[in-house]
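To start, the structure itself, in structure tokens.
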Amino acid sequence: MNRLVILLLTAVAAVLVAVLPMLVGPYYIRVLQIFFFSAGLGVAWNILGGYAGYWSFGHTVSIGIGAFTAAWLGMIFGAGSGPWSMVLPVIAGALLSGLFALVIAYPLLRLRGTYFAIAMLGVSQVVAELVNNVSIFQGGIGVFLPSPVPSGMPVERFYYYIFAVVLSLLLLISWWVKRSRFGYALLAIREDEDTAMMLGVPTERYKMAAFVLSAVMVGLLGAIYGYSLGYFTTYSVFRLDWSLNMIVFCLIGGIGTLMGPVIGAALILFLTQVLLGGFLDLHLMITGALVVAVILIMPGGILRTRWRLPGRKPARGGAE
Amino acid sequence: MTLFLQTTLNGLMLGGIYALAAVGFSLIFGVIGIVNLTHGVFVIAGAYLALLFYTELGLDPLLSMLPVGALLFAVGWVYQRTIIDWAISRASVEASLVVTFGMAMILRNLLQLWFGPDVQTITPFYSFFSISLGPFRVDMVRLVALGSSMVLLLGLTLLLARTHFGRAMRAVAQQPLAAALSGLNVKRIHAMTFGVSAALAGASGAIIGIVQPFSAASEVAWTLNAFMVVVLGGVGSPAGALVGGLLLGLINSYTAQYFGPALTQAAMFLVLVLMLLLRPTGLLGNPYGESR
């Protein structure tokens, strides 16, 4: 695809996103809002897991830290109302989750592969239990955030636009990372970390940067999500299934691609929320089956598969 | 002091069960190099099968370990021959992590649909007995559970050390290519390993059913426990699983006693993360050498 087509597509998508709330009902606006949020999570996870190849199974820790930081700030300093009142707490939430990532990055990033994945899972569990059980954190009884929605505007529409803007921002960052020197270094780390280090890539520093950047992005989403909930307890934001969903979105769409997480999230949410919204007890199975099928049929995800017309000879090697 | 010793005793008994539930996971990790995230489902499936045998046929859970183990052996064999083998040959060993994760979601959902989401227990007649040893009290079920775990672990040790099949398994773990060149059917050994692992998981499930309440959702906890046991003890050997299991049991019961039961998960994971950082090969090291 050349640049013009991409630009045109982006413009169409932007117009579509802008006018869509006028055309569909509140339920679908909410589904789309969850879609933007989920796709954002996938895009953020992809920076560390897709580009650098460090799969985290505990990224939900950043959602939790982001959301709780915003709420704590509101409780300490007294939160105003109106949309601008959420700016500072949300930024603080993103920064604190980045800071937390910076602290744990040094020891954890020495682990590789499955061990890093499971250690992150451990970290997210430990933090969740501490937030839940240490009383000053108030995770057990729950925290409140005042509604920043301007009067006269439907709630779901407000968060729809906010999440849409945030998702575009995250995509922009991801796009920039991917085509920068930093991004190429991350790819080198993913392909062969030892060789990259030998060739002079500062692997340690770049891995940390990717980790922190990813955590800041998730923290940002988490803080806004906290606002959209209004009241939440530990386990409404430290959710194991989100940690896993982020990975699933990327896997299905194509790990390490720019738009893969967005496509994966769209597919999963369409299947679970729209098509099979009434079969709540089957969601787990559908997601699982989709994951297994994608890995077995197109191991690179949708975007990595070389699509070809039936009847044509496969290009060498076929699907990667 | 009595409290401390009683806590230690409880922890060790719990640990014996952890060890048995984890040893199959450890075996697959050591021999095939796969992190089998379906392991917890095998454990819980064993518990449900034992429950079925108990309620429908009146078969004691300890006796039902045999048919449950046999059934799960078949399941494990077929599972490796189909899904796992496809995943490894079409994608990669890393992709198998994701495939087992996806399968775990499917199977957990199926268990939920068949058996309902409620928490279940198996209560044979000896459920409510306990023995007094001086100042200590020991629950009969836990003692029985620990005893059966030890027997099964010992059996596996002998299998690995003394039989032709055990030697073949160790050879495949060390050097699949060399093992194949020496005339071993590596695919068959892999399938057998999966079968044995699933059988042990199922047997441990039957025991867990009488000791602890379980539901389909608790499969996640058992997979994670298995992973922790392997990280603590080391990959691929019954001895490593035993050491790791006992340690995990002790951590669990000390935390529950002295810091509150709500923090056990956090403590277990804290030890896990520290262990990964300080001694990634586990306490007993990796007996299968440098292959991974």
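Chain labels follow the order of the structure tokens: the first chain is A, the next B, and so on; residue numbering restarts at 1 in every chain, and ligands are counted from 1 in their shown order.
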Distance table requested - chain A against chain B, cut-off 6 Å, only C-alpha atoms: one row per qualifying residue with the closest atom pair and its distance in Å to one decimal, ordered by chain and rising residue number, as a tab-separated table.
residue	atom	partner	partner_atom	distance
A:Ala119	CA	B:Val273	CA	5.5
A:Gly122	CA	B:Phe269	CA	4.9
A:Val126	CA	B:Ala266	CA	4.3
A:Leu284	CA	B:Met105	CA	5.7
A:Met285	CA	B:Ile106	CA	4.1
A:Gly288	CA	B:Gly102	CA	4.1
A:Val291	CA	B:Gly102	CA	5.6
A:Val292	CA	B:Val99	CA	5.1
A:Leu296	CA	B:Ala87	CA	5.8
A:Pro299	CA	B:Ala91	CA	5.7
Quiz prompt | Shell of 8 Å around stretch 43-49 of chain B, only C-alpha atoms, local chain residues under 5 positions omitted, as JSON, numbers by chain | solution = {"B": [21, 68, 69, 72, 111, 198, 201, 202, 203, 204, 205, 206, 207, 208, 209, 214, 215, 216, 218, 219, 222]}
Exercise. Work out how far atom CA of B:Leu246 is from atom CA of B:Tyr18, in Å to one decimal.
Key: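 Interatomic distance here is 7.3 Å.
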Quiz item: Using only C-alpha atoms, which of B:Gly240, B:Pro135, B:Gly33, B:Gly58 sits nearest A:Thr114?
Solution: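 Nearest candidate to A:Thr114 out of B:Gly240, B:Pro135, B:Gly33, B:Gly58: B:Gly33.
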Quiz prompt | Between atom CA of A:Gly66 and atom CA of A:Arg110, distance in Å (one decimal) | solution = 24.9 Å
Quiz item: Where does DSSP see strand (DSSP E or B) in stretch 31-266 of chain A, if you list the residues as a ChimeraX atom specification?
Solution: /A:143-144,231-232
Self-check item: Atomic separation - atom CA of A:Ile47 relative to atom CA of A:Leu95, Å
Solution: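 Computing the Euclidean distance for atom CA of A:Leu95 and atom CA of A:Ile47 yields 17.0 Å.
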Practice problem: Using only C-alpha atoms, determine which residues lie at most 6 Å from B:Ala191, disregarding the query and same-chain residues fewer than 3 positions distant; provide the list as an MDAnalysis selection string. | Solution: chainID B and resid 77 80 188 194
Please produce an output containing N, CA, C and O atoms for each residue in the selection, written as a PDB file, in the first residue's frame.
ATOM      1  N   TRP B  77      -2.126 -38.655  25.994  1.00  0.00           N
ATOM      2  CA  TRP B  77      -1.505 -39.242  24.799  1.00  0.00           C
ATOM      3  C   TRP B  77      -2.084 -38.613  23.534  1.00  0.00           C
ATOM      4  O   TRP B  77      -1.368 -38.111  22.674  1.00  0.00           O
ATOM      5  N   GLN B  80      -1.161 -34.904  23.059  1.00  0.00           N
ATOM      6  CA  GLN B  80       0.178 -34.648  22.535  1.00  0.00           C
ATOM      7  C   GLN B  80       0.251 -35.001  21.058  1.00  0.00           C
ATOM      8  O   GLN B  80       0.824 -34.277  20.261  1.00  0.00           O
ATOM      9  N   ARG B 188       6.947 -41.212  20.015  1.00  0.00           N
ATOM     10  CA  ARG B 188       6.234 -42.100  20.930  1.00  0.00           C
ATOM     11  C   ARG B 188       6.584 -41.758  22.386  1.00  0.00           C
ATOM     12  O   ARG B 188       5.710 -41.712  23.244  1.00  0.00           O
ATOM     13  N   PHE B 194       3.584 -37.297  27.901  1.00  0.00           N
ATOM     14  CA  PHE B 194       2.357 -36.533  28.132  1.00  0.00           C
ATOM     15  C   PHE B 194       1.315 -37.378  28.836  1.00  0.00           C
ATOM     16  O   PHE B 194       0.617 -36.922  29.738  1.00  0.00           O
TER      17      PHE B 194
END
Quiz item: Which residues, written as a ChimeraX atom specification, have at least one atom at most 7 Å from A:Ser243, with only C-alpha atoms counted and residues fewer than 6 positions away on the same chain left out?
Solution: /A:57-60
Next, dump the selected residues to file, keeping only all heavy atoms, as a CSV table (one decimal), in the first residue's frame.
chain,number,residue,atom,x,y,z
A,57,PHE,N,2.9,-11.6,31.2
A,57,PHE,CA,1.6,-12.2,31.5
A,57,PHE,C,0.9,-11.4,32.7
A,57,PHE,O,-0.1,-11.8,33.2
A,57,PHE,CB,1.7,-13.6,31.9
A,57,PHE,CG,1.6,-14.6,30.8
A,57,PHE,CD1,2.2,-14.3,29.6
A,57,PHE,CD2,0.9,-15.8,30.9
A,57,PHE,CE1,2.2,-15.2,28.5
A,57,PHE,CE2,0.8,-16.7,29.8
A,57,PHE,CZ,1.5,-16.4,28.7
A,58,GLY,N,1.5,-10.2,33.0
A,58,GLY,CA,0.9,-9.5,34.2
A,58,GLY,C,0.7,-8.0,33.9
A,58,GLY,O,0.8,-7.2,34.8
A,59,HIS,N,0.4,-7.7,32.7
A,59,HIS,CA,0.4,-6.2,32.4
A,59,HIS,C,-0.8,-5.5,33.0
A,59,HIS,O,-0.8,-4.3,33.1
A,59,HIS,CB,0.3,-6.0,30.8
A,59,HIS,CG,1.5,-5.3,30.3
A,59,HIS,ND1,2.8,-5.6,30.7
A,59,HIS,CD2,1.6,-4.3,29.4
A,59,HIS,CE1,3.6,-4.8,30.1
A,59,HIS,NE2,2.9,-4.0,29.3
A,60,THR,N,-1.7,-6.3,33.5
A,60,THR,CA,-2.9,-5.6,34.2
A,60,THR,C,-2.5,-4.9,35.4
A,60,THR,O,-3.2,-4.0,35.9
A,60,THR,CB,-3.9,-6.7,34.5
A,60,THR,OG1,-5.1,-6.0,34.9
A,60,THR,CG2,-3.5,-7.6,35.6
Quiz prompt | Shell around A:Phe163 at 9 Å using only C-alpha atoms, local window under 2 positions removed, as a list in words | solution =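 Non-adjacent residues within range: Gln33, Ile34, Phe35, Phe36, Phe37, Gly40, Phe158, Tyr159, Tyr160, Tyr161, Val165, Val166, Leu167, Ser168, Leu221, Ile224 and Tyr225 of chain A.
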Keeping only C-alpha atoms, write the selected residues to a file as a CSV table (one decimal), in the first residue's frame.
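Wrote it out as part-v8.csv, contents follow:
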chain,number,residue,atom,x,y,z
A,33,GLN,CA,-15.7,2.3,23.8
A,34,ILE,CA,-14.6,-1.1,25.2
A,35,PHE,CA,-13.1,-1.9,21.8
A,36,PHE,CA,-11.0,1.3,21.9
A,37,PHE,CA,-9.9,0.5,25.4
A,40,GLY,CA,-5.2,0.4,23.3
A,158,PHE,CA,-17.9,11.1,26.5
A,159,TYR,CA,-15.8,8.0,27.2
A,160,TYR,CA,-16.2,6.9,23.6
A,161,TYR,CA,-14.4,10.0,22.4
A,165,VAL,CA,-8.4,9.9,21.1
A,166,VAL,CA,-6.2,7.9,23.4
A,167,LEU,CA,-6.2,5.0,21.1
A,168,SER,CA,-5.1,7.2,18.2
A,221,LEU,CA,-5.7,3.7,29.8
A,224,ILE,CA,-9.3,6.7,32.4
A,225,TYR,CA,-11.0,3.3,32.8
Exercise. Skip A:Ala209 itself and residues of its chain fewer than 4 positions away, then list as a VMD selection string all residues within 12 Å of it, counting only C-alpha atoms.
Key: chain A and resid 47 to 48 52 98 to 99 101 to 103 105 to 106 109 177 182 to 183 185 to 186 202 to 205 213 to 216
Exercise. Go through A:Met86, A:Leu172, A:Val43, A:Leu199 and flag the residue nearest A:Gly254, using only C-alpha atoms for the distances.
Key: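 Using only C-alpha atoms, the shortest distance to A:Gly254 belongs to A:Val43.
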Quiz prompt | Backbone-only DSSP, helix (DSSP H, G or I) members of stretch 63-230 of chain B, as a PyMOL selection string | solution = chain B and resi 63-90+93-115+125-128+140-162+164-174+176-181+186-211+216-230
Practice problem: Determine, counting only C-alpha atoms, which protein, DNA and RNA residues have an atom within 8 Å of an atom of A:Gly260; residues of the same chain fewer than 3 positions away are not included. Present the result as a PyMOL selection string. | Solution: chain A and resi 249-257+263-264+301-303
